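Remarks on the structure that follows.
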Amino acid sequence: MSALTWAVAAVVTDPSGRVLLCRQSGGGRRWALPGGRLRRDESPPAAARREIRAETGWEVDLVDLVGLYRLGDPAAPPPAAGHCGALPDVLVHVFRARTLAATPAGTPAGGCHLDWHAPDALPEALTPTTRAAVADALAGRSGVLRDPTQDTGSAGAAAPPPEQRSGGELGTTRR
C-alpha cells in the first residue's frame, strides 16, 4: 500500500485575466500550475500561499477552491478498497487565486520557467491536471472532484451541478 500525497496548486490570474503557468526544466517540459506538497500539520490554503510564493515570487489571494484532482498512474490497476493506488498517488487541492500586486514580491525558485498566458492561447503542452483545472476555474466551477486520467477531453465532463458553478470566498457555502 502506498501513502497518499497531499498537494496544492492554484490557477493564478492577473488583473487582465492571464493565467500563470510554470514549465519545469526537466522531464517532458510540460506546463503546469504553480504549487507543491503540504507540510505536516499545514492547511491546504496555507500550503498554497507558501508554495506559490516560493515557486513564483507572487503573493496571492486565494478566492476559492476549484476542486480536488487525483493524480495517479492511469495504467495502474485500481487499488483494493481501503488502499491507495500505486505510486504516485497524489490528491491536489486546486485553488482559484489572484495576484495581490502588480509585480512579484520575491524572487522565484529556480527550475521553473514562469510565463503568463491568455486563456484563449494556452500552450498545447499542459499536464492533464492543469488542462482540467484551468478549464474548470475559467468556467467558474467550484467544488469539482476530478480524476483527470479518467476524463475524455479538456473540458471532459458535462456541466457540473448548479451548486458547483459559482465562486465565493474560501470557506463559504455555495448556493
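To be explicit about the labels: the chains of the C-alpha cells are called A, B, and onward in the order shown, and within each one the residues are counted from 1, while ligands get numbers from 1 in the order they are shown.
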What's around Gly67 in chain A at 8 Å? Count only C-alpha atoms, leave out sequence neighbours fewer than 3 positions away in its own chain, and write the answer as a PDB file with all heavy atoms, in the first residue's frame.
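New file around.pdb:
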ATOM      1  N   HIS A  93      -5.289  19.810  -4.099  1.00  0.00           N
ATOM      2  CA  HIS A  93      -6.283  20.852  -3.842  1.00  0.00           C
ATOM      3  C   HIS A  93      -5.945  21.994  -4.791  1.00  0.00           C
ATOM      4  O   HIS A  93      -4.882  22.595  -4.658  1.00  0.00           O
ATOM      5  CB  HIS A  93      -6.170  21.389  -2.411  1.00  0.00           C
ATOM      6  CG  HIS A  93      -6.490  20.391  -1.355  1.00  0.00           C
ATOM      7  ND1 HIS A  93      -5.619  19.387  -0.988  1.00  0.00           N
ATOM      8  CD2 HIS A  93      -7.578  20.260  -0.576  1.00  0.00           C
ATOM      9  CE1 HIS A  93      -6.169  18.669  -0.028  1.00  0.00           C
ATOM     10  NE2 HIS A  93      -7.350  19.182   0.243  1.00  0.00           N
ATOM     11  N   VAL A  94      -6.818  22.284  -5.749  1.00  0.00           N
ATOM     12  CA  VAL A  94      -6.554  23.369  -6.699  1.00  0.00           C
ATOM     13  C   VAL A  94      -7.439  24.563  -6.344  1.00  0.00           C
ATOM     14  O   VAL A  94      -8.668  24.450  -6.302  1.00  0.00           O
ATOM     15  CB  VAL A  94      -6.798  22.939  -8.165  1.00  0.00           C
ATOM     16  CG1 VAL A  94      -6.554  24.106  -9.107  1.00  0.00           C
ATOM     17  CG2 VAL A  94      -5.894  21.767  -8.534  1.00  0.00           C
ATOM     18  N   PHE A  95      -6.788  25.684  -6.101  1.00  0.00           N
ATOM     19  CA  PHE A  95      -7.473  26.914  -5.734  1.00  0.00           C
ATOM     20  C   PHE A  95      -7.538  27.873  -6.917  1.00  0.00           C
ATOM     21  O   PHE A  95      -6.729  27.792  -7.833  1.00  0.00           O
ATOM     22  CB  PHE A  95      -6.736  27.618  -4.580  1.00  0.00           C
ATOM     23  CG  PHE A  95      -6.762  26.835  -3.303  1.00  0.00           C
ATOM     24  CD1 PHE A  95      -5.753  25.930  -3.013  1.00  0.00           C
ATOM     25  CD2 PHE A  95      -7.795  26.999  -2.397  1.00  0.00           C
ATOM     26  CE1 PHE A  95      -5.775  25.195  -1.836  1.00  0.00           C
ATOM     27  CE2 PHE A  95      -7.824  26.267  -1.213  1.00  0.00           C
ATOM     28  CZ  PHE A  95      -6.817  25.361  -0.939  1.00  0.00           C
ATOM     29  N   ALA A 133      -8.026  21.576 -14.577  1.00  0.00           N
ATOM     30  CA  ALA A 133      -8.226  22.595 -13.540  1.00  0.00           C
ATOM     31  C   ALA A 133      -8.405  23.983 -14.130  1.00  0.00           C
ATOM     32  O   ALA A 133      -9.251  24.758 -13.658  1.00  0.00           O
ATOM     33  CB  ALA A 133      -7.058  22.577 -12.549  1.00  0.00           C
ATOM     34  N   SER A 142     -16.654  25.408  -9.016  1.00  0.00           N
ATOM     35  CA  SER A 142     -16.064  25.222  -7.688  1.00  0.00           C
ATOM     36  C   SER A 142     -16.560  23.901  -7.143  1.00  0.00           C
ATOM     37  O   SER A 142     -17.650  23.450  -7.487  1.00  0.00           O
ATOM     38  CB  SER A 142     -16.486  26.351  -6.745  1.00  0.00           C
ATOM     39  OG  SER A 142     -15.956  27.577  -7.168  1.00  0.00           O
ATOM     40  N   GLY A 143     -15.764  23.291  -6.284  1.00  0.00           N
ATOM     41  CA  GLY A 143     -16.182  22.039  -5.666  1.00  0.00           C
ATOM     42  C   GLY A 143     -16.102  20.846  -6.596  1.00  0.00           C
ATOM     43  O   GLY A 143     -16.790  19.855  -6.399  1.00  0.00           O
ATOM     44  N   VAL A 144     -15.236  20.905  -7.592  1.00  0.00           N
ATOM     45  CA  VAL A 144     -15.098  19.824  -8.561  1.00  0.00           C
ATOM     46  C   VAL A 144     -14.292  18.686  -7.950  1.00  0.00           C
ATOM     47  O   VAL A 144     -13.274  18.927  -7.292  1.00  0.00           O
ATOM     48  CB  VAL A 144     -14.384  20.335  -9.841  1.00  0.00           C
ATOM     49  CG1 VAL A 144     -14.134  19.213 -10.821  1.00  0.00           C
ATOM     50  CG2 VAL A 144     -15.188  21.454 -10.478  1.00  0.00           C
ATOM     51  N   LEU A 145     -14.723  17.466  -8.166  1.00  0.00           N
ATOM     52  CA  LEU A 145     -13.958  16.277  -7.804  1.00  0.00           C
ATOM     53  C   LEU A 145     -13.627  15.603  -9.120  1.00  0.00           C
ATOM     54  O   LEU A 145     -14.511  15.172  -9.847  1.00  0.00           O
ATOM     55  CB  LEU A 145     -14.775  15.339  -6.918  1.00  0.00           C
ATOM     56  CG  LEU A 145     -15.232  15.928  -5.596  1.00  0.00           C
ATOM     57  CD1 LEU A 145     -16.153  14.967  -4.875  1.00  0.00           C
ATOM     58  CD2 LEU A 145     -14.037  16.279  -4.733  1.00  0.00           C
ATOM     59  N   ARG A 146     -12.333  15.521  -9.445  1.00  0.00           N
ATOM     60  CA  ARG A 146     -11.982  15.033 -10.766  1.00  0.00           C
ATOM     61  C   ARG A 146     -10.729  14.178 -10.738  1.00  0.00           C
ATOM     62  O   ARG A 146      -9.770  14.484 -10.056  1.00  0.00           O
ATOM     63  CB  ARG A 146     -11.769  16.226 -11.707  1.00  0.00           C
ATOM     64  CG  ARG A 146     -11.630  15.825 -13.158  1.00  0.00           C
ATOM     65  CD  ARG A 146     -11.383  17.023 -14.037  1.00  0.00           C
ATOM     66  NE  ARG A 146     -12.459  17.962 -14.030  1.00  0.00           N
ATOM     67  CZ  ARG A 146     -13.323  18.126 -15.031  1.00  0.00           C
ATOM     68  NH1 ARG A 146     -13.226  17.396 -16.103  1.00  0.00           N
ATOM     69  NH2 ARG A 146     -14.261  19.036 -14.961  1.00  0.00           N
TER      70      ARG A 146
END
Restricting to only C-alpha atoms, whichever of A:Arg141, A:Arg39, A:Arg53, A:Arg98 is closest to Ala7 in chain A is A:Arg39
Sorted by chain and rising residue number, list the residues of range 30-70 of chain A at most 6 Å from range 107-121 of chain A (counting only C-alpha atoms), each with its closest atom pair and distance in Å to one decimal, as JSON lines.
{"residue": "A:Ala54", "atom": "CA", "partner": "A:Pro108", "partner_atom": "CA", "distance": 5.9}
{"residue": "A:Glu55", "atom": "CA", "partner": "A:Ala109", "partner_atom": "CA", "distance": 5.0}
{"residue": "A:Thr56", "atom": "CA", "partner": "A:Pro108", "partner_atom": "CA", "distance": 4.4}
{"residue": "A:Gly57", "atom": "CA", "partner": "A:Pro108", "partner_atom": "CA", "distance": 4.4}
Keeping only N, CA, C and O atoms, write the selected residues as a CSV table (one decimal), in the first residue's frame.
chain,number,residue,atom,x,y,z
A,54,ALA,N,6.9,30.7,-3.0
A,54,ALA,CA,8.3,30.2,-3.2
A,54,ALA,C,8.6,29.9,-4.6
A,54,ALA,O,9.7,30.1,-5.1
A,55,GLU,N,7.6,29.3,-5.4
A,55,GLU,CA,7.9,28.9,-6.7
A,55,GLU,C,7.8,30.1,-7.7
A,55,GLU,O,8.6,30.1,-8.7
A,56,THR,N,7.0,31.1,-7.5
A,56,THR,CA,6.8,32.1,-8.4
A,56,THR,C,7.2,33.5,-8.0
A,56,THR,O,7.4,34.4,-8.8
A,57,GLY,N,7.3,33.7,-6.7
A,57,GLY,CA,7.6,35.1,-6.2
A,57,GLY,C,6.4,35.9,-5.9
A,57,GLY,O,6.4,37.0,-5.4
* To do: Find the residues around Gly35 in chain A up to 8 Å (only C-alpha atoms counted), leave out those fewer than 4 positions away in its own chain, and share them as a PyMOL selection string.
  => chain A and resi 7-10+48+51-52+55
Counting only C-alpha atoms, the residue among A:Leu4, A:Thr129, A:Ala32, A:Leu21 that lies closest to Leu68 in chain A is A:Thr129
* Identify, on the basis of only C-alpha atoms, every residue whose closest approach to Ala137 in chain A does not exceed 7 Å; exclude the query and any residue fewer than 2 positions from it along the same chain; express the result as a PyMOL selection string. => chain A and resi 11+66+96+133-135+139-141
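For the pair CA of Ala132 in chain A and CA of Cys22 in chain A, the separation is 15.7 Å.
Remark: for Val19 in chain A, the closest of the candidate residues A:Ala47, A:Leu65, A:Ala102, A:Ala97 is A:Ala97 (distances computed over only C-alpha atoms).
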A straight line from CA of Arg29 in chain A to CA of Asp147 in chain A spans 21.7 Å
One residue among A:Val63, A:Trp6, A:Leu91, A:Pro128 is nearest to Asp41 in chain A when using only C-alpha atoms, and that residue is A:Trp6
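Interatomic distance, CA of Pro15 in chain A to CA of Leu126 in chain A: 22.5 Å.
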